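Trainee: Before we start, here is the structure in question, set down as structure tokens.
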Amino acid sequence: MHPLAPVGTLFAVTVWPLLAAFLLLLTPENRQSASSLTFAVAGLVITPLAVWLMPGTDALAAACSCIVTAIPLLLPQAQDRTGRILPFLVTGCALLALNIHSAFAVTVLCGAGTVLLAWREGRGPRKALVVWDMARSRLGGVVLGLLGASLLPMQQSSLGAVLLTVGLCMVAGLGPSPAPAPEAALLDTGLRFSALMLMFRLSAYPLVHLLMLIAGFGTIIMLVSSRSSGRSMSLPMLSAFGALAAATGEGTALVLLLLAALGLAVLDLRGAEGEDGIAAGAAPWPVFCALVGIGRSLETGQLVLLVVCLLPALWSVRHRTLLPAFARGERGMVAVMQALLLLGGLCGPLFLVWHPVTGWRP
């Protein structure tokens with residue numbers, strides 16, 4: 001059995017979103033907007049210091065935590081108290097799930113984050129039915145995952161790891177899944193990649209590697225054959241690539257995919273268009289570097305299948321400048337995010353050389 005994680009790391013990394021949510025609950029309505037912005041900026045500064053300086057740091061979890069912690073700052077300001085509080089709670093669930101050393105606890109936290117996200121997006125009679133339909137399959141995956149996590153201590157059988165993997169695939173949104181709304185997609189990114197990070201730690205179990213490959217390739221083929229585009233393709237496609245990265249043990253590719261997923265969610269939220277090539281793996285963006293890392297660990301037949309699956313999406317990508325927002329004279333969030341994605345893609349080859357210690361395994 002593994003300890004839950006160094007207590008200092010858990011406290012320093014995960015306390016700020018929960019504390020921010022509690023303080024916003026006590027803050028008068030007229031000051032909540034400014035306070036939520038202050039808490040989001042403070043968390044973005046504190047988390048990188050906490051995850052890298054605390055003892056017992058898991059390098060991959062630390063890198064993912066530094067990306068996920070930006071989510072509350074990237075969301076547009078909500079108009080009511082509940083809408084301002086829930087993003088901090090969802091982010092807190094994702095940060096805890098990335099850093100805690102327990103498969104059972106990670107699954108519970110992903111389920112809690114899914115419920116909080118559905119609550120935020122489902123307020124109002126017309127939205128509630130659609131949102132909870134979307135969350136139902138994810139919560140079914142949580143139940144399967146909890147059953148599998150409880151069976152993991154049975155070393156003589158791989159049933160627990162198989163059930164946990166199937167549940168986590170559902171939690172990560174693999175397979176047929178409706179596209180979330182723009183703000184929900186941004187919040188959902190942290191939860192999906194928390195589940196994918198746990199899948200990465202399970203890859204040493206028998207049959208789990210094969211299940212992840214089937215889930216990843218199956219989702220890619222489904223998306224390509226349906227000719228999806230925009231938000232309905234980007235997040236599910238990057239989740240599918242994440243499953244392949246988890247199966248091949250490419251943790252650095254997972255970090256690059258998380259960066260790309262967060263950036264694409266922000267661009268979609270801000271109304272930017274023509275970003276399908278980034279999600280499909282066009283160079284020189286982070287997804288291209290992640291696919292290079294995944295490809296070097298795939299067998300020849302699997303690599304050929306991946307290339308064949310991606311060709312239709314890449315063939316449909318129109319030629320465009322690298323930074324269209326800067327070319328139009330924009331200097332807002334869209335321009336900054338495009339520049340960060342390009343920087344991540346250009347630094348991706350150096351990042352792939354990094355081989356951090358995997359950290360704990362269930």
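Following the order of the structure tokens, first chain is A, next is B, and so on, with residues numbered from 1 inside each chain and ligands from 1 in the order they appear.
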As an NGL selection string, please: all residues of range 293-362 of chain A that backbone DSSP puts in helix (DSSP H, G or I).
Mentor: :A and (293-295 or 300-315 or 324-327 or 333-353)
Trainee: Give me, as a tab-separated table, the closest atom pair and its distance (Å, one decimal) for every residue of range 200-308 of chain A within a cut-off of 10 Å of range 75-89 of chain A, counting only C-alpha atoms, rows sorted by chain and rising number.
Mentor:
residue	atom	partner	partner_atom	distance
A:Ala265	CA	A:Leu75	CA	10.0
A:Val266	CA	A:Leu75	CA	8.0
A:Leu269	CA	A:Leu75	CA	8.5
A:Arg270	CA	A:Pro76	CA	9.3
Trainee: Can those selected residues be exported to a file as a CSV table (one decimal), in the first residue's frame so that it contains N, CA and C atoms?
Mentor:
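So part.csv came out as:
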chain,number,residue,atom,x,y,z
A,265,ALA,N,-9.1,24.5,-25.6
A,265,ALA,CA,-10.4,24.9,-24.9
A,265,ALA,C,-10.5,26.4,-24.7
A,266,VAL,N,-9.4,27.0,-24.4
A,266,VAL,CA,-9.4,28.5,-24.2
A,266,VAL,C,-9.7,29.2,-25.6
A,269,LEU,N,-13.2,28.8,-26.4
A,269,LEU,CA,-14.1,29.6,-25.5
A,269,LEU,C,-14.0,31.1,-26.0
A,270,ARG,N,-12.9,31.5,-26.5
A,270,ARG,CA,-12.8,32.9,-27.0
A,270,ARG,C,-13.2,33.1,-28.4
Trainee: How many Å lie between CA of Thr248 in chain A and CA of Leu267 in chain A, rounded to one decimal?
Mentor: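 Taking CA of Thr248 in chain A and CA of Leu267 in chain A, their separation equals 29.0 Å.
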Trainee: So which residues touch Leu60 in chain A within 9 Å, counting only C-alpha atoms, skipping near sequence neighbours fewer than 3 positions away, as a list in words?
Mentor: Thr57, Ala63, Cys64, Ser65, Met197, Gly251, Thr252, Leu254, Val255, Pro356, Val357, Thr358 and Gly359 of chain A
Trainee: Which is closest to Ala62 in chain A among A:Ala21, A:Ile46, A:Leu37, A:Leu98, if we use only C-alpha atoms?
Mentor: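 Going through A:Ala21, A:Ile46, A:Leu37, A:Leu98 one by one, the smallest distance to Ala62 in chain A is for A:Leu98.
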Trainee: Could you pull the residues within 8 Å of range 151-154 of chain A, counting only C-alpha atoms, minus those fewer than 6 positions along the same chain, as a ChimeraX atom specification?
Mentor: /A:160-161,362
Trainee: Would you mind telling me which residue in A:Cys93, A:Pro48, A:Gln32, A:Phe217 lies nearest to Val15 in chain A when using only C-alpha atoms?
Mentor: A:Cys93
Trainee: Smallest atom-to-atom distance to Ala253 in chain A: which of A:Ala335, A:Gly301, A:Trp354, A:Gly190, using only C-alpha atoms?
Mentor: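 Going through A:Ala335, A:Gly301, A:Trp354, A:Gly190 one by one, the smallest distance to Ala253 in chain A is for A:Trp354.
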Trainee: Looking at only C-alpha atoms, which of A:Leu117, A:Ser102, A:Ala61, A:Ala179 is the one that sits closest to Ser150 in chain A?
Mentor: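 Looking only at the distances to Ser150 in chain A, the closest residue turns out to be A:Ser102.
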Trainee: Which one is closest to Gly113 in chain A: A:Leu95, A:Ala282, A:Leu24, A:Leu310? Count only C-alpha atoms.
Mentor: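 Nearest to Gly113 in chain A: A:Leu95.
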Trainee: Using only C-alpha atoms, which residue out of A:Gln338, A:Ser239, A:Thr114, A:Ser194 lies closest to Gly175 in chain A?
Mentor: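 The answer is A:Ser239, which sits nearest to Gly175 in chain A.
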